[in-house]
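Note sheet for the following structure.
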Amino acid sequence: MLLAHYLLANDAYMSILDSINTPEDLKKVSEDSLIQLCQEIRQKIIDDCAENPGHLGSSLGVVELTVALHYILDTPYDNLVWDVGHQSYAHKILTGRKEQFKTKRIYGGISGFPKISESEYDSFGTGHSSTSISAALGMAIAAKINGETGRQSVAVIGDGSMTGGMAFEALNNAGVYDSNLLVILNDNNMAIDPNVGGLNEYLLDISTSKTYNKIKGDVWNVLGKLNRISPGMRNFIQNIDNSIKSMLLKKSNLFEAMGLRYFGPVDGHDIHHLIKILRDLKNIPGPKVLHCITVKGKGFKEAEINQTIWHAPGKFNKVTGERIKENNPNIPAKFQDVFGNTVTELAKSNSKIIGITPAMPTGCSLNIMMHEMPDRCFDVGIAEQHAVTFSAGLAAKGFVPFCNIYSSFMQRAYDQVIHDVALQNLNVVFCLDRAGFVGADGATHHGAFDLAYFRCIPNMIIAAPLDEAELRNMMYTAQLPDQGPFSIRYPRGNGFLADWHTPFQELEIGKGRCLIEGEKIAILSIGSIGNVAKKAVSHFEESLVALYDMRFLKPIDEELLHTVFQKFSKIITLEDGTIQGGLGSAVAEFMADHQYHATIKRLGIPDKFIEHGTQQQLYEECGFDEKSITRCIQEMLIEKDTRE
């Protein structure tokens, strides 16, 4: 799409990208040819993402910046850290993974995020936000300790990730140390700083000038050496410099207040200017911030216009820009949409309900409530810790916050859950979307640990619905008075019911149910994975295998467990979560505590990090898909009864 016009006008067109396999190859390309190279890289990203979906918009927005960085830096010796990693596709293409790029996010293929074990050019593995500055600072300090004075450490962080508290903690710390750190702020929200023009570019050119910085450095050093001048003169000179910038820009500079020299803003799509700036910044010592203005989705019209949808659009027609959707009316609703509609319905009858999400209103479908009740919904940015304690503050004053955070991201606010919510027994409802295997995003995004990490917290109620109707009932139950901390986890993707909009029913906390009666083997499952168990049980004679839906992991249904252990000597536990500390552990602990004897097979995510693939492929790999469960039942049926 991008190269079509170029090809028509240039019969002798030759691909530059074909000759590039590493950054060393890139450095052999003339600067005049880099604009064409950026077009080719952008086209490759579009071509691939059209067929093999991924994070399109973010990667299109940093093509020029990526090329400029690898053109100037000496990677992999220099450290380049991509925050989150949504924008790392051009980086992967330029660092030896051009041919493998078509396998990204596919089972057995390369990751969609930077990954240390995948390439020496991936200095640090990412996937969650706001970590890059801390990691790059650590690398910069390591280089300083090792005497590697010329080694560069660069963090590329988006303006969205800058809302994370960890990023500010790192900036605050970076300003204290004289480290060779460069933070590149990839600002793709044009409304953040509209003052882009001649004055800012003029100031940038002056502040990155070798002559200007040499004179400033010489003056700084001379003043520091003179005994009659106070040691604080350096700070005085710096304050003068900052004051001049603040006066001309008519605003204070947060970065320089933290001790980092600020340069920008600059056009993040001007490859030649970027190269000049990065070359100059490489020779300026100390921690620095370069502010780049970019367009998310750059080069693909639809992605530029609707940046939210085209962040990860799924399959699309690369010529027309039309997204390819499955038009099957029989596909059940997504769990996230059931949440969004249900919380809105509940909020209409309960004025105390508040919706909260850390930067995922569309991803978790809280945007449905935001549209109808904007004054009762809060998107707090990428700030999970704040989201939890903000919810606790609301709960302390009688409100019922529904705090929706992806299971994997909930890990980032663990202390706040314990200290600010559970310790004070506040009625915060944690809705953990994307629980269990999430698919193509891989290990950084799987919701593998929430059952285990919440189970050890006092006062916490832990629930997981079998289907959409159960999700509605659990949400209804959670908003009733005096429930305390209440966690509801549900998976990514579609549900199971054609008609999910059922009347609300209050559930008895800590009570499971028997779904299928049986005599030989009992399966205890929690959450939607129980639907897979249903299919497996259907392969056996009626009344042979019993299936119990536990519903609640905490408090666990002890009455039900007593019944199971008194009747069965062969038990299978099933969960879409780590078996270390989850349902299987809880059942085994119950057996030991009450001196029962039975053979227990625990099915779930093993004690290792599982990479990317479809959910079905990952269930198969870990042994709890329908065939694996069926095989486990067959093996247990022929095993000798331990009580005989």
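All residue names refer to the structure tokens as shown: chains lettered A, B, ... in order, residues numbered from 1 in each chain, ligands numbered from 1 in order.
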At a cut-off of 10 Å, using only C-alpha atoms, what residues contact Ile356 in chain A? Leave out same-chain residues fewer than 2 positions from it and give the result as an MDAnalysis selection string. chainID A and resid 353:354 358:361 366 370 376:380 387:388 390:391 401:405 430
Quick one: residues within 10 Å of Gly165 in chain A, only C-alpha atoms, excluding same-chain residues fewer than 6 positions away - as JSON, numbers by chain? {"A": [130, 131, 171, 382, 383, 384, 385, 386]}
Those selected residues, please, written with N, CA and C atoms and delivered as a compact mmCIF listing (two decimals), in the first residue's frame.
```
# COMPACT_ATOMS: atom_id res chain seq x y z
N SER A 130 5.92 0.51 31.88
CA SER A 130 6.61 1.41 32.82
C SER A 130 7.87 0.82 33.44
N THR A 131 8.42 -0.24 32.85
CA THR A 131 9.60 -0.90 33.43
C THR A 131 10.91 -0.47 32.77
N LEU A 171 12.68 7.77 37.06
CA LEU A 171 13.16 9.09 36.66
C LEU A 171 13.74 9.84 37.86
N ILE A 382 -2.26 3.83 33.15
CA ILE A 382 -1.53 2.60 33.45
C ILE A 382 -0.95 2.73 34.85
N ALA A 383 -1.78 2.46 35.84
CA ALA A 383 -1.40 2.69 37.24
C ALA A 383 -2.18 1.74 38.13
N GLU A 384 -1.83 0.46 38.06
CA GLU A 384 -2.59 -0.56 38.79
C GLU A 384 -2.55 -0.35 40.30
N GLN A 385 -1.40 0.03 40.82
CA GLN A 385 -1.30 0.25 42.27
C GLN A 385 -2.27 1.34 42.71
N HIS A 386 -2.26 2.44 41.97
CA HIS A 386 -3.17 3.53 42.27
C HIS A 386 -4.62 3.09 42.13
```
Near-range 253-269 of chain A list (6 Å; only C-alpha atoms; drop same-chain fewer than 6 positions) as a PyMOL selection string: chain A and resi 64+172+175+204+287-294
Looking at A:Lys296, A:Arg631, A:Lys301, A:Lys567, which one is nearest to Glu519 in chain A, with distances taken over only C-alpha atoms? A:Lys567
Could you pull the residues within 6 Å of range 280-286 of chain A, counting only C-alpha atoms, minus those fewer than 3 positions along the same chain, as a short mmCIF file (atom, residue, chain, number, x, y, z; two decimals) with N, CA, C and O atoms, in the first residue's frame?
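Result file around.cif:
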```cif
data_model
loop_
_atom_site.label_atom_id
_atom_site.label_comp_id
_atom_site.auth_asym_id
_atom_site.auth_seq_id
_atom_site.Cartn_x
_atom_site.Cartn_y
_atom_site.Cartn_z
N ASP A 178 25.04 10.06 37.92
CA ASP A 178 25.69 10.54 36.70
C ASP A 178 25.89 9.35 35.77
O ASP A 178 27.02 8.90 35.53
N SER A 179 24.80 8.84 35.25
CA SER A 179 24.86 7.64 34.41
C SER A 179 24.62 7.99 32.95
O SER A 179 24.00 9.01 32.63
N ASN A 180 25.06 7.13 32.09
CA ASN A 180 24.91 7.36 30.65
C ASN A 180 23.57 6.79 30.19
O ASN A 180 23.50 5.79 29.49
N THR A 208 21.44 20.57 21.72
CA THR A 208 22.16 19.36 21.31
C THR A 208 23.43 19.68 20.54
O THR A 208 24.14 18.78 20.12
N ILE A 277 20.21 14.28 15.92
CA ILE A 277 20.00 14.48 17.35
C ILE A 277 20.60 13.33 18.16
O ILE A 277 21.30 13.54 19.16
#
```
